[in-house]
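Engineer: To be precise about what I am sending: the file is called protein-v8.cif and holds mmCIF, C-alpha atoms.
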```cif
data_data
#
loop_
_atom_site.label_atom_id
_atom_site.label_comp_id
_atom_site.auth_asym_id
_atom_site.auth_seq_id
_atom_site.Cartn_x
_atom_site.Cartn_y
_atom_site.Cartn_z
CA MET L 58 79.96 112.00 105.97
CA GLY L 59 82.09 110.95 102.99
CA ASN L 60 85.67 109.77 102.92
CA VAL L 61 87.60 111.09 105.89
CA PHE L 62 90.86 109.36 106.74
CA GLN L 63 91.15 108.71 110.47
CA THR L 64 94.04 107.51 112.59
CA GLU L 65 95.26 107.86 116.18
CA ARG L 66 98.44 108.98 117.89
CA GLU L 67 99.32 108.71 121.57
CA LEU L 68 101.02 111.68 123.17
CA ARG L 69 104.33 110.40 124.44
CA PHE L 70 106.69 111.90 127.00
CA GLY L 71 108.91 113.41 124.28
CA ASP L 72 105.91 115.16 122.72
CA CYS L 73 105.30 117.25 125.83
CA ASP L 74 106.89 120.00 127.87
CA ILE L 75 107.86 119.64 131.54
CA SER L 76 104.22 120.16 132.64
CA GLY L 77 103.03 117.28 130.46
CA THR L 78 101.37 119.59 127.93
CA ALA L 79 101.74 118.77 124.23
CA TYR L 80 104.42 120.88 122.58
CA PHE L 81 103.21 122.36 119.26
CA PRO L 82 106.28 121.29 117.21
CA SER L 83 105.43 117.71 118.21
CA TYR L 84 101.90 118.28 116.93
CA LEU L 85 103.33 119.19 113.53
CA SER L 86 105.59 116.14 113.51
CA MET L 87 102.55 113.98 114.30
CA LEU L 88 100.60 115.69 111.51
CA ASN L 89 103.40 114.86 109.10
CA GLY L 90 103.21 111.22 110.20
CA VAL L 91 99.46 111.22 109.61
CA ASN L 92 100.04 112.59 106.10
CA GLU L 93 102.62 109.89 105.44
CA GLU L 94 100.17 107.23 106.63
CA PHE L 95 97.44 108.67 104.38
CA TRP L 96 99.66 108.58 101.29
CA GLY L 97 100.53 104.95 102.07
CA ARG L 98 96.83 104.12 102.47
CA ILE L 99 96.01 105.49 99.01
CA GLY L 100 98.84 103.48 97.45
CA TYR L 101 101.70 105.98 97.34
CA PRO L 102 104.01 105.30 100.29
CA TRP L 103 106.58 108.05 100.69
CA HIS L 104 109.52 105.65 100.77
CA GLN L 105 108.56 104.54 97.26
CA ILE L 106 107.58 107.81 95.63
CA MET L 107 110.60 109.63 97.02
CA THR L 108 113.31 107.06 96.34
CA LYS L 109 111.99 105.22 93.28
CA ASP L 110 109.66 107.69 91.55
CA ARG L 111 111.59 110.83 92.65
CA TRP L 112 108.69 113.05 93.65
CA GLY L 113 107.47 114.33 96.98
CA THR L 114 104.71 116.34 98.63
CA PRO L 115 106.20 119.30 100.52
CA THR L 116 103.93 121.59 102.51
CA VAL L 117 103.53 124.99 100.85
CA HIS L 118 100.91 126.40 103.25
CA LEU L 119 99.93 125.50 106.79
CA SER L 120 97.57 127.17 109.26
CA CYS L 121 96.61 125.85 112.68
CA ASP L 122 94.08 126.84 115.31
CA PHE L 123 94.59 125.42 118.78
CA SER L 124 91.45 125.08 120.91
CA LYS L 125 92.51 123.24 124.07
CA PRO L 126 95.74 121.73 125.36
CA SER L 127 96.48 118.04 125.16
CA PHE L 128 98.45 116.09 127.72
CA PHE L 129 100.98 113.27 128.08
CA GLY L 130 99.31 109.87 127.73
CA GLU L 131 96.21 111.04 125.86
CA THR L 132 95.24 109.47 122.55
CA LEU L 133 94.53 111.97 119.80
CA ILE L 134 92.23 111.19 116.88
CA PHE L 135 93.33 112.74 113.59
CA ASP L 136 90.76 113.28 110.82
CA LEU L 137 92.10 114.20 107.36
CA ALA L 138 89.88 115.37 104.51
CA VAL L 139 90.89 116.21 100.95
CA THR L 140 89.05 119.42 100.06
CA ARG L 141 90.77 120.60 96.88
CA ILE L 142 92.82 118.94 94.16
CA GLY L 143 94.70 121.32 91.88
CA ARG L 144 97.00 120.72 88.93
CA SER L 145 99.96 120.17 91.26
CA SER L 146 98.57 120.80 94.74
CA VAL L 147 96.16 119.26 97.21
CA THR L 148 94.46 120.85 100.21
CA PHE L 149 93.93 118.86 103.38
CA ARG L 150 91.72 119.84 106.30
CA HIS L 151 92.66 118.28 109.63
CA ARG L 152 90.68 117.93 112.82
CA ILE L 153 92.40 116.64 115.94
CA ARG L 154 90.35 115.46 118.92
CA CYS L 155 90.73 113.63 122.18
CA LYS L 156 87.60 111.53 122.48
CA ASP L 157 84.88 114.02 121.42
CA GLU L 158 86.76 117.15 122.50
CA LEU L 159 88.31 119.31 119.78
CA ARG L 160 91.96 120.10 120.42
CA TRP L 161 93.06 121.75 117.17
CA THR L 162 92.38 122.13 113.46
CA SER L 163 94.59 122.75 110.48
CA LYS L 164 94.45 123.58 106.80
CA GLN L 165 97.42 122.37 104.78
CA VAL L 166 98.38 122.64 101.14
CA LEU L 167 100.86 120.14 99.70
CA ALA L 168 102.46 120.39 96.27
CA ALA L 169 103.68 117.67 93.94
CA SER L 170 107.38 118.31 93.54
CA ASP L 171 110.07 116.76 91.35
CA LEU L 172 112.88 115.86 93.77
CA ASP L 173 115.60 116.27 91.16
CA THR L 174 114.60 119.67 89.72
CA HIS L 175 112.86 120.97 92.88
CA ALA L 176 110.03 122.27 90.70
CA SER L 177 106.33 121.63 91.00
CA LYS L 178 104.94 118.92 88.77
CA LYS L 179 101.48 117.97 87.60
CA TRP L 180 99.89 115.13 89.55
CA PRO L 181 100.14 111.84 87.66
CA GLU L 182 96.61 110.82 86.62
CA ASP L 183 96.62 107.72 88.86
CA VAL L 184 97.54 109.86 91.90
CA ARG L 185 94.86 112.41 90.98
CA GLN L 186 92.30 109.58 90.79
CA ALA L 187 93.38 108.19 94.17
CA LEU L 188 93.00 111.64 95.73
CA ARG L 189 89.57 112.10 94.11
CA GLU L 190 88.32 109.03 95.97
CA TRP L 191 88.88 110.97 99.22
CA TRP L 192 87.68 114.37 98.02
CA LEU L 193 84.91 116.16 99.91
CA GLU L 194 83.31 119.57 99.54
CA GLU L 195 84.24 121.77 102.51
CA GLU L 196 80.50 122.21 103.14
CA GLU L 197 80.26 118.46 103.79
CA LEU L 198 82.71 118.71 106.70
CA ASP L 199 81.85 119.56 110.25
CA PHE L 200 85.38 120.85 110.80
#
```
For this file, write the structure as structure tokens.

Structural biologist:
Amino acid sequence: MGNVFQTERELRFGDCDISGTAYFPSYLSMLNGVNEEFWGRIGYPWHQIMTKDRWGTPTVHLSCDFSKPSFFGETLIFDLAVTRIGRSSVTFRHRIRCKDELRWTSKQVLAASDLDTHASKKWPEDVRQALREWWLEEEELDF
């Protein structure tokens, strides 16, 4: 398979309900952290682009399918694939597993946004190029 970004997150006590089952808002917070880590990996850490360059990447669409519950203490593996790069948007596909067992998947669209005008903006060419290095056809994915 091509370029899929992969990272791990441990389910902590605060991520779970009283039964020890992962709470879905915590999943979304983890997903946001994975996105932040990805942007740092490709050379655009959020603390820099937001404070110095004054642009951000808000989510404009998000869908999730939950397959099996996850539990306190488990380590989740997050796979992120870039499947579409638009003029001012990017589509990510996410697969979240524990070992080899699928727990949930997600499709997410982020938009380039000017933080001062709150309007969408065209990706700078260097950002577009960095995203292209991770781009995969959806048919190439097994998730």

Engineer: Point out the residue among L:His175, L:Arg154, L:His104, L:Lys109 with the least atom-to-atom distance to Thr132 (chain L), counting all atoms listed in the file.

Structural biologist: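 The shortest atom-to-atom distance to Thr132 (chain L) comes from L:Arg154.
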
Engineer: Would you list the residues near (101.0, 110.8, 90.8), meaning any protein, DNA or RNA residue with an atom at most 10 Å from that point in file coordinates, counting only C-alpha atoms, as a list of chain:residue names?

Structural biologist: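 Taken together, the residues in range are L:Tyr101, L:Ile106, L:Asp110, L:Trp112, L:Gly113, L:Ser145, L:Ala169, L:Lys178, L:Lys179, L:Trp180, L:Pro181, L:Glu182, L:Asp183, L:Val184, L:Arg185, L:Gln186, L:Ala187, L:Leu188.
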
Engineer: Based on the selection just made, write C-alpha atoms of those residues as an mmCIF file, in the frame of the given file.

Structural biologist:
```cif
data_model
loop_
_atom_site.group_PDB
_atom_site.id
_atom_site.type_symbol
_atom_site.label_atom_id
_atom_site.label_comp_id
_atom_site.auth_asym_id
_atom_site.auth_seq_id
_atom_site.Cartn_x
_atom_site.Cartn_y
_atom_site.Cartn_z
ATOM 1 C CA TYR L 101 101.700 105.980 97.340
ATOM 2 C CA ILE L 106 107.580 107.810 95.630
ATOM 3 C CA ASP L 110 109.660 107.690 91.550
ATOM 4 C CA TRP L 112 108.690 113.050 93.650
ATOM 5 C CA GLY L 113 107.470 114.330 96.980
ATOM 6 C CA SER L 145 99.960 120.170 91.260
ATOM 7 C CA ALA L 169 103.680 117.670 93.940
ATOM 8 C CA LYS L 178 104.940 118.920 88.770
ATOM 9 C CA LYS L 179 101.480 117.970 87.600
ATOM 10 C CA TRP L 180 99.890 115.130 89.550
ATOM 11 C CA PRO L 181 100.140 111.840 87.660
ATOM 12 C CA GLU L 182 96.610 110.820 86.620
ATOM 13 C CA ASP L 183 96.620 107.720 88.860
ATOM 14 C CA VAL L 184 97.540 109.860 91.900
ATOM 15 C CA ARG L 185 94.860 112.410 90.980
ATOM 16 C CA GLN L 186 92.300 109.580 90.790
ATOM 17 C CA ALA L 187 93.380 108.190 94.170
ATOM 18 C CA LEU L 188 93.000 111.640 95.730
#
```

Engineer: What is the CA of Cys155 (chain L)-CA of Phe129 (chain L) distance in Å, reported with one decimal?

Structural biologist: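 Result for CA of Cys155 (chain L) versus CA of Phe129 (chain L): 11.8 Å, one decimal.
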
Engineer: Quick one: residues within 7 Å of (95.6, 127.5, 113.3) (file frame), counting all atoms listed in the file, please, as a VMD selection string.

Structural biologist: chain L and resid 120 to 123 162 to 163

Engineer: Care to translate the PyMOL selection byres ((chain L and resi 134) around 9) into actual residues of this file, as JSON, numbers by chain?

Structural biologist: {"L": [63, 64, 65, 66, 67, 132, 133, 135, 136, 152, 153, 154, 155, 156]}

Engineer: Keeping only C-alpha atoms, write the selected residues as an mmCIF file, in the frame of the given file.

Structural biologist:
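Now in out_28.cif:
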```cif
data_model
loop_
_atom_site.group_PDB
_atom_site.id
_atom_site.type_symbol
_atom_site.label_atom_id
_atom_site.label_comp_id
_atom_site.auth_asym_id
_atom_site.auth_seq_id
_atom_site.Cartn_x
_atom_site.Cartn_y
_atom_site.Cartn_z
ATOM 1 C CA GLN L 63 91.150 108.710 110.470
ATOM 2 C CA THR L 64 94.040 107.510 112.590
ATOM 3 C CA GLU L 65 95.260 107.860 116.180
ATOM 4 C CA ARG L 66 98.440 108.980 117.890
ATOM 5 C CA GLU L 67 99.320 108.710 121.570
ATOM 6 C CA THR L 132 95.240 109.470 122.550
ATOM 7 C CA LEU L 133 94.530 111.970 119.800
ATOM 8 C CA PHE L 135 93.330 112.740 113.590
ATOM 9 C CA ASP L 136 90.760 113.280 110.820
ATOM 10 C CA ARG L 152 90.680 117.930 112.820
ATOM 11 C CA ILE L 153 92.400 116.640 115.940
ATOM 12 C CA ARG L 154 90.350 115.460 118.920
ATOM 13 C CA CYS L 155 90.730 113.630 122.180
ATOM 14 C CA LYS L 156 87.600 111.530 122.480
#
```

Engineer: Would you mind telling me which residue in L:Arg111, L:Glu190, L:His151, L:Ile75 lies nearest to Asp173 (chain L) when using all atoms listed in the file?

Structural biologist: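 Of L:Arg111, L:Glu190, L:His151, L:Ile75, the one nearest Asp173 (chain L) is L:Arg111, counting all atoms listed in the file.
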
Engineer: Using only C-alpha atoms, can you tell me which of L:Ala176, L:Ala138, L:Ala79, L:Val91 comes closest to Glu194 (chain L)?

Structural biologist: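 Of L:Ala176, L:Ala138, L:Ala79, L:Val91, the one nearest Glu194 (chain L) is L:Ala138, counting only C-alpha atoms.
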
Engineer: For the atom pair CA of Arg189 (chain L) and CA of Thr140 (chain L), what is the interatomic distance in Å to one decimal place?

Structural biologist: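 Interatomic distance here is 9.4 Å.
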
Engineer: Provide the CA of Glu195 (chain L) to CA of Asp171 (chain L) distance in Å, to one decimal place.

Structural biologist: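 Those two atoms sit 28.6 Å apart.
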
Engineer: For Tyr84 (chain L), which of L:Val61, L:Leu68, L:Leu198, L:Met107 is the closest residue, counting all atoms listed in the file?

Structural biologist: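 Of all the options, L:Leu68 lies closest to Tyr84 (chain L).
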
Engineer: Determine the nearest neighbour of Tyr80 (chain L) from the options L:Leu119, L:Thr114, L:Pro126, L:Gly97, counting all atoms listed in the file.

Structural biologist: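 The shortest atom-to-atom distance to Tyr80 (chain L) comes from L:Pro126.
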
Engineer: Can you work out which one of L:Thr174, L:Asn92, L:Gln105, L:Gln165 has the shortest atom-to-atom distance to Arg141 (chain L), counting all atoms listed in the file?

Structural biologist: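 Ranked by minimum distance to Arg141 (chain L), first place goes to L:Gln165.
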
Engineer: Missing atoms in region 71-92 of chain L: fill them in up to N, CA and C atoms and send the result as a compact mmCIF listing (two decimals), keeping the file's coordinate frame.

Structural biologist:
```
# COMPACT_ATOMS: atom_id res chain seq x y z
N GLY L 71 108.11 112.50 125.10
CA GLY L 71 108.91 113.41 124.28
C GLY L 71 108.10 114.41 123.48
N ASP L 72 106.78 114.24 123.43
CA ASP L 72 105.91 115.16 122.72
C ASP L 72 105.46 116.34 123.59
N CYS L 73 105.85 116.30 124.86
CA CYS L 73 105.30 117.25 125.83
C CYS L 73 106.38 118.05 126.52
N ASP L 74 105.97 119.19 127.08
CA ASP L 74 106.89 120.00 127.87
C ASP L 74 106.94 119.46 129.30
N ILE L 75 107.65 120.12 130.17
CA ILE L 75 107.86 119.64 131.54
C ILE L 75 106.55 119.50 132.32
N SER L 76 105.50 120.26 131.94
CA SER L 76 104.22 120.16 132.64
C SER L 76 103.35 119.02 132.11
N GLY L 77 103.82 118.36 131.05
CA GLY L 77 103.03 117.28 130.46
C GLY L 77 102.08 117.75 129.37
N THR L 78 102.21 119.02 128.97
CA THR L 78 101.37 119.59 127.93
C THR L 78 102.02 119.37 126.56
N ALA L 79 101.22 119.00 125.58
CA ALA L 79 101.74 118.77 124.23
C ALA L 79 102.44 120.03 123.72
N TYR L 80 103.59 119.82 123.13
CA TYR L 80 104.42 120.88 122.58
C TYR L 80 104.07 121.00 121.10
N PHE L 81 103.75 122.23 120.61
CA PHE L 81 103.21 122.36 119.26
C PHE L 81 104.14 121.83 118.16
N PRO L 82 105.47 121.91 118.27
CA PRO L 82 106.28 121.29 117.21
C PRO L 82 106.04 119.78 117.11
N SER L 83 105.75 119.15 118.23
CA SER L 83 105.43 117.71 118.21
C SER L 83 104.12 117.47 117.48
N TYR L 84 103.16 118.38 117.67
CA TYR L 84 101.90 118.28 116.93
C TYR L 84 102.18 118.24 115.43
N LEU L 85 103.05 119.12 114.96
CA LEU L 85 103.33 119.19 113.53
C LEU L 85 104.05 117.94 113.04
N SER L 86 104.93 117.40 113.86
CA SER L 86 105.59 116.14 113.51
C SER L 86 104.56 115.01 113.42
N MET L 87 103.62 114.98 114.36
CA MET L 87 102.55 113.98 114.30
C MET L 87 101.71 114.15 113.04
N LEU L 88 101.39 115.41 112.71
CA LEU L 88 100.60 115.69 111.51
C LEU L 88 101.32 115.18 110.26
N ASN L 89 102.62 115.37 110.22
CA ASN L 89 103.40 114.86 109.10
C ASN L 89 103.32 113.34 109.02
N GLY L 90 103.36 112.67 110.17
CA GLY L 90 103.21 111.22 110.20
C GLY L 90 101.84 110.77 109.73
N VAL L 91 100.82 111.52 110.07
CA VAL L 91 99.46 111.22 109.61
C VAL L 91 99.40 111.35 108.09
N ASN L 92 100.00 112.42 107.56
CA ASN L 92 100.04 112.59 106.10
C ASN L 92 100.75 111.41 105.44
```
